[in-house]
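Worksheet: the structure to be examined is printed underneath.
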Amino acid sequence: MNIKESFERVGFTPEEKMALTARLKRAAEQEENMTSQIKRKIKKISGGMIFGIAAAVMMTAGALAAVISPGLHNWFDTATPGASEILEDGIYRLNRSETFNGWTVTLGECVGDDSSVYIWVDIAAPERTVLAPPENGYFHIVYNIPGKGGTNITQLPDEDPTDNVISCLIQHNAHNEDGSLRGETVTIQIEPIIDCWWTDRLTEQAQRHEGSELTAAIRDHMWVFEDVKLDFPDQTLCLEPNVEIPWLDGTATLTRLEVSPLTVRVELEGGTCADYLAHANSDPFDYVPEEHVTVEQDGLVIETGPTDGAWWDKLFEMEQAVTVEVTLQDGTLLKPTTTVRSDEGYRQGMDIPHLAWSRRYDDTNQFGASTRVIDPAQVDHVTVCGVDIPVNPAPTEQ
Amino acid sequence: MTQWNSAQHARRFVEAYADAILRLCLTYSLTREDAQDICQDIFLTLLEDSRQFENEAHERAFVLRCAINACKDLLKSAGRRRTVPMDQAERLPAPEQEDSGLPEAIRSLPKHYGAALCLFYYEGYSLDEIARLCGCTPAAARKRLSRARKLLAKKMEVAL
């Protein structure tokens, strides 16, 4: 992977540059002869027309959503005791649909905590349409929550490729600068859905195509769901252990431990948190690793030489040194390692370094998505850096 | 340094900044047409005040900051077309298989992540500079880069 090279490929063609230069010249010359009043009028009319067209062609139609999907129960692994019930209790049904040119997109169920949200999405083409991507192809689907970004949307295995419905799952991670989405009212946008496919995939003539007749009717349509309230319940169990844990070359204080059905969150303060923040706030290009090595991470081979890569690896290594193990009352041991949300900084008005990580339970499927749900009431204890924190210890026999 | 006060500076503007603005636009999932509109707006802004800068770096930072703000403003407008395949913006033939998914993967990142990647890896800005350009804290800029790298790694792993 070479990110810089990838950006280098992007640019206007010489012909486009010539045309753009001519356009800018014309615009500049017109600008000199145009009054402010005329400019304002032009802007106002343009905005109104865009809104009018959008309103005329789109309709909200919850009743038209002819979609039956297996839902979140079929997605998550609920094998541990109480998990199925806690998932059912945690599901909040959005039931919002938008129909455009005979296609319907539905936001179905959602479940979440303060770190992540999962939203089931069904896409239904008009009746009798076979909704399946072309050979060597896929559907290009992107979502966005304005102001909150977007994390990941996965198209789920199609149980019946001959019907007119496909399903997707949004997995949205909360960011520390944005805060939790629980109880928030948001806008969810799904960008135009387009089918894409490759020809000569494994040759030098490999070419990607997009937008066949299948998706022509919705090629330009943005699916916008406004005022979506993510009103899923709070099922998190919170503890404030305030115990010292060994971390890096010293200790830090575990001030808070949160166990939700989807993630476990640890909050640390003081001590070696300062070491972490010192590295995190340093310049990646000033960091020189002790030795030049090659590591493989997330399927990518990364050279840790005098580049910023080593700096990132060091940061990751420090984070992963905060080991977290969740032991259920039935003896099941879970080792969450994948961080879905992190916070860092200093307590306001104080010089106390503060860090927090939320990790999912890491039963991942082929899409890299987490599928394990647990019942916090079934957790016996959580072990952070070797220190056991009792959560729901089994009663001792008299 | 150029004092931007003439329509004849259009050529210099296009040569110096059009591609950079296009890259930023694509990270925000905007189109080539959007990039051309933004080029025009920024060029006119420069002319409006007959802007002159201390040096090239100062000028470039101003232009990119304007471009980022323009991208965000465009995204706020409802009902607009936002999709363009990043590979359509490439001047080269179709990429080889091993990196064919990368432009698409960058485009599919959360909007502000792609811009951070572009500014860091292509424009060569430091985290502090990115923070100033994007209007966030250095810690947020670093976090965006960190998450962008992780997401890219994951997306590429799935794509391959």
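Each chain in the structure tokens gets a letter, A, B and so on, in the order shown; residues start at 1 in every chain, and ligands are counted from 1 in the order they appear.
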
**Request:** Check the DSSP output for the backbone and give back, as a PyMOL selection string, the residues of region 90-174 of chain A in strand (DSSP E or B).
**Result:** chain A and resi 92-100+103-112+116-124+137-140+143-145+149+152-155+165-173

Writing out the chosen residues with N, CA and C atoms as a CSV table (one decimal), in the first residue's frame:
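Saved result, selection.csv, follows:
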```
chain,number,residue,atom,x,y,z
A,92,TYR,N,-33.5,-1.4,19.6
A,92,TYR,CA,-34.4,-0.3,19.5
A,92,TYR,C,-34.8,-0.3,18.0
A,93,ARG,N,-36.1,-0.4,17.7
A,93,ARG,CA,-36.6,-0.4,16.3
A,93,ARG,C,-36.8,0.9,15.7
A,94,LEU,N,-36.0,1.3,14.7
A,94,LEU,CA,-36.1,2.6,14.1
A,94,LEU,C,-37.3,2.6,13.1
A,95,ASN,N,-37.4,1.5,12.3
A,95,ASN,CA,-38.5,1.4,11.3
A,95,ASN,C,-38.7,2.7,10.5
A,96,ARG,N,-37.6,3.2,9.9
A,96,ARG,CA,-37.7,4.3,9.0
A,96,ARG,C,-37.4,3.9,7.6
A,97,SER,N,-38.3,4.3,6.7
A,97,SER,CA,-38.1,4.0,5.3
A,97,SER,C,-38.1,5.2,4.4
A,98,GLU,N,-37.4,5.1,3.3
A,98,GLU,CA,-37.5,6.2,2.2
A,98,GLU,C,-37.6,5.4,0.9
A,99,THR,N,-38.6,5.9,0.1
A,99,THR,CA,-38.8,5.3,-1.2
A,99,THR,C,-38.5,6.3,-2.3
A,100,PHE,N,-37.8,5.8,-3.3
A,100,PHE,CA,-37.5,6.7,-4.4
A,100,PHE,C,-37.5,5.8,-5.7
A,103,TRP,N,-37.6,2.1,-5.3
A,103,TRP,CA,-36.6,1.5,-4.4
A,103,TRP,C,-36.9,1.9,-3.0
A,104,THR,N,-36.8,1.1,-2.0
A,104,THR,CA,-37.0,1.4,-0.7
A,104,THR,C,-35.8,1.1,0.2
A,105,VAL,N,-35.3,2.0,0.9
A,105,VAL,CA,-34.2,1.8,1.9
A,105,VAL,C,-34.8,1.9,3.3
A,106,THR,N,-34.6,0.9,4.1
A,106,THR,CA,-35.2,0.9,5.5
A,106,THR,C,-34.1,0.8,6.5
A,107,LEU,N,-34.2,1.7,7.5
A,107,LEU,CA,-33.4,1.5,8.7
A,107,LEU,C,-34.2,0.7,9.7
A,108,GLY,N,-33.8,-0.5,10.0
A,108,GLY,CA,-34.6,-1.4,10.8
A,108,GLY,C,-34.2,-1.3,12.3
A,109,GLU,N,-33.6,-2.3,12.8
A,109,GLU,CA,-33.2,-2.4,14.2
A,109,GLU,C,-31.9,-1.7,14.5
A,110,CYS,N,-31.7,-1.2,15.7
A,110,CYS,CA,-30.4,-0.8,16.1
A,110,CYS,C,-30.1,-1.2,17.5
A,111,VAL,N,-28.9,-1.3,17.8
A,111,VAL,CA,-28.4,-1.6,19.2
A,111,VAL,C,-27.1,-1.0,19.4
A,112,GLY,N,-26.8,-0.6,20.6
A,112,GLY,CA,-25.5,0.1,20.8
A,112,GLY,C,-25.2,0.3,22.3
A,116,SER,N,-20.3,2.3,20.5
A,116,SER,CA,-20.6,1.8,19.1
A,116,SER,C,-22.1,1.6,18.9
A,117,VAL,N,-22.5,1.7,17.7
A,117,VAL,CA,-23.9,1.5,17.3
A,117,VAL,C,-24.0,0.6,16.1
A,118,TYR,N,-24.9,-0.3,16.1
A,118,TYR,CA,-25.1,-1.2,15.0
A,118,TYR,C,-26.5,-0.9,14.4
A,119,ILE,N,-26.6,-0.7,13.2
A,119,ILE,CA,-28.0,-0.4,12.5
A,119,ILE,C,-28.2,-1.3,11.3
A,120,TRP,N,-29.3,-2.0,11.4
A,120,TRP,CA,-29.6,-2.9,10.3
A,120,TRP,C,-30.3,-2.1,9.1
A,121,VAL,N,-29.8,-2.3,7.9
A,121,VAL,CA,-30.3,-1.6,6.8
A,121,VAL,C,-30.8,-2.6,5.7
A,122,ASP,N,-32.0,-2.4,5.2
A,122,ASP,CA,-32.5,-3.2,4.1
A,122,ASP,C,-32.7,-2.4,2.9
A,123,ILE,N,-32.3,-2.9,1.7
A,123,ILE,CA,-32.4,-2.2,0.5
A,123,ILE,C,-33.3,-3.1,-0.4
A,124,ALA,N,-34.4,-2.5,-0.8
A,124,ALA,CA,-35.4,-3.3,-1.7
A,124,ALA,C,-35.6,-2.6,-3.0
A,137,GLY,N,-18.6,-8.4,-9.2
A,137,GLY,CA,-19.0,-7.1,-8.8
A,137,GLY,C,-19.5,-7.0,-7.4
A,138,TYR,N,-19.9,-5.8,-7.0
A,138,TYR,CA,-20.4,-5.6,-5.6
A,138,TYR,C,-21.3,-4.3,-5.7
A,139,PHE,N,-22.0,-4.1,-4.6
A,139,PHE,CA,-22.7,-2.8,-4.5
A,139,PHE,C,-21.8,-1.8,-3.7
A,140,HIS,N,-21.7,-0.6,-4.3
A,140,HIS,CA,-20.9,0.4,-3.6
A,140,HIS,C,-21.9,1.2,-2.7
A,143,TYR,N,-22.3,5.2,4.0
A,143,TYR,CA,-23.2,6.0,4.8
A,143,TYR,C,-22.4,7.1,5.5
A,144,ASN,N,-23.1,8.0,6.1
A,144,ASN,CA,-22.5,9.1,6.8
A,144,ASN,C,-23.5,9.7,7.8
A,145,ILE,N,-23.0,10.0,9.0
A,145,ILE,CA,-23.8,10.7,9.9
A,145,ILE,C,-23.2,12.1,10.1
A,149,GLY,N,-19.3,11.6,11.3
A,149,GLY,CA,-18.5,10.8,10.4
A,149,GLY,C,-19.2,9.5,10.0
A,152,ASN,N,-18.2,2.1,9.2
A,152,ASN,CA,-18.2,0.9,8.4
A,152,ASN,C,-19.6,0.5,8.1
A,153,ILE,N,-19.9,0.2,6.8
A,153,ILE,CA,-21.2,-0.5,6.4
A,153,ILE,C,-20.8,-1.7,5.6
A,154,THR,N,-21.4,-2.8,6.0
A,154,THR,CA,-21.1,-4.1,5.4
A,154,THR,C,-22.3,-4.7,4.8
A,155,GLN,N,-22.1,-5.1,3.5
A,155,GLN,CA,-23.2,-5.8,2.9
A,155,GLN,C,-23.2,-7.3,3.4
A,165,VAL,N,-34.2,-8.0,-2.5
A,165,VAL,CA,-33.7,-7.4,-1.3
A,165,VAL,C,-32.3,-7.8,-0.9
A,166,ILE,N,-31.5,-6.8,-0.5
A,166,ILE,CA,-30.2,-7.1,0.2
A,166,ILE,C,-30.2,-6.3,1.5
A,167,SER,N,-29.3,-6.8,2.4
A,167,SER,CA,-29.3,-6.2,3.7
A,167,SER,C,-27.8,-5.7,4.0
A,168,CYS,N,-27.7,-4.7,4.8
A,168,CYS,CA,-26.4,-4.2,5.2
A,168,CYS,C,-26.4,-3.9,6.7
A,169,LEU,N,-25.2,-3.8,7.3
A,169,LEU,CA,-25.1,-3.5,8.7
A,169,LEU,C,-24.2,-2.3,8.8
A,170,ILE,N,-24.7,-1.2,9.5
A,170,ILE,CA,-23.8,-0.1,9.8
A,170,ILE,C,-23.2,-0.4,11.2
A,171,GLN,N,-21.9,-0.3,11.2
A,171,GLN,CA,-21.2,-0.4,12.6
A,171,GLN,C,-20.6,1.0,12.7
A,172,HIS,N,-21.1,1.8,13.6
A,172,HIS,CA,-20.6,3.2,13.8
A,172,HIS,C,-19.9,3.3,15.2
A,173,ASN,N,-18.7,3.7,15.1
A,173,ASN,CA,-18.0,3.9,16.4
A,173,ASN,C,-18.0,5.3,16.8
```

**Message:** Which residues are close to Leu355 (chain A), i.e. within 6 Å by only C-alpha atoms, leaving aside same-chain residues fewer than 4 positions away? Reply as a count of residues only.
**Reply:** 4

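Going from CA of Cys39 (chain B) to CA of Cys66 (chain B) covers 9.7 Å.
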
Might you pull out every residue within 10 Å of Gly135 (chain B), with only C-alpha atoms counted and same-chain residues fewer than 5 positions away left off, and present them as a compact mmCIF listing (two decimals) with C-alpha atoms, in the first residue's frame?
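File produced: selection_16.txt:
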```txt
# COMPACT_ATOMS: atom_id res chain seq x y z
CA ARG B 65 -7.83 25.88 4.24
CA ILE B 68 -11.41 22.33 3.15
CA ASN B 69 -14.03 24.85 4.30
CA GLU B 129 -0.40 22.27 10.70
CA ILE B 130 -3.16 19.82 9.82
CA ALA B 140 -7.80 15.07 17.04
CA ALA B 141 -5.70 15.31 13.88
```

**Message:** Please list as number ranges by chain every residue within 9 Å of Arg149 (chain B), counting only C-alpha atoms and excluding residues in the same chain fewer than 5 positions away.
**Reply:** B: 117, 144, 154
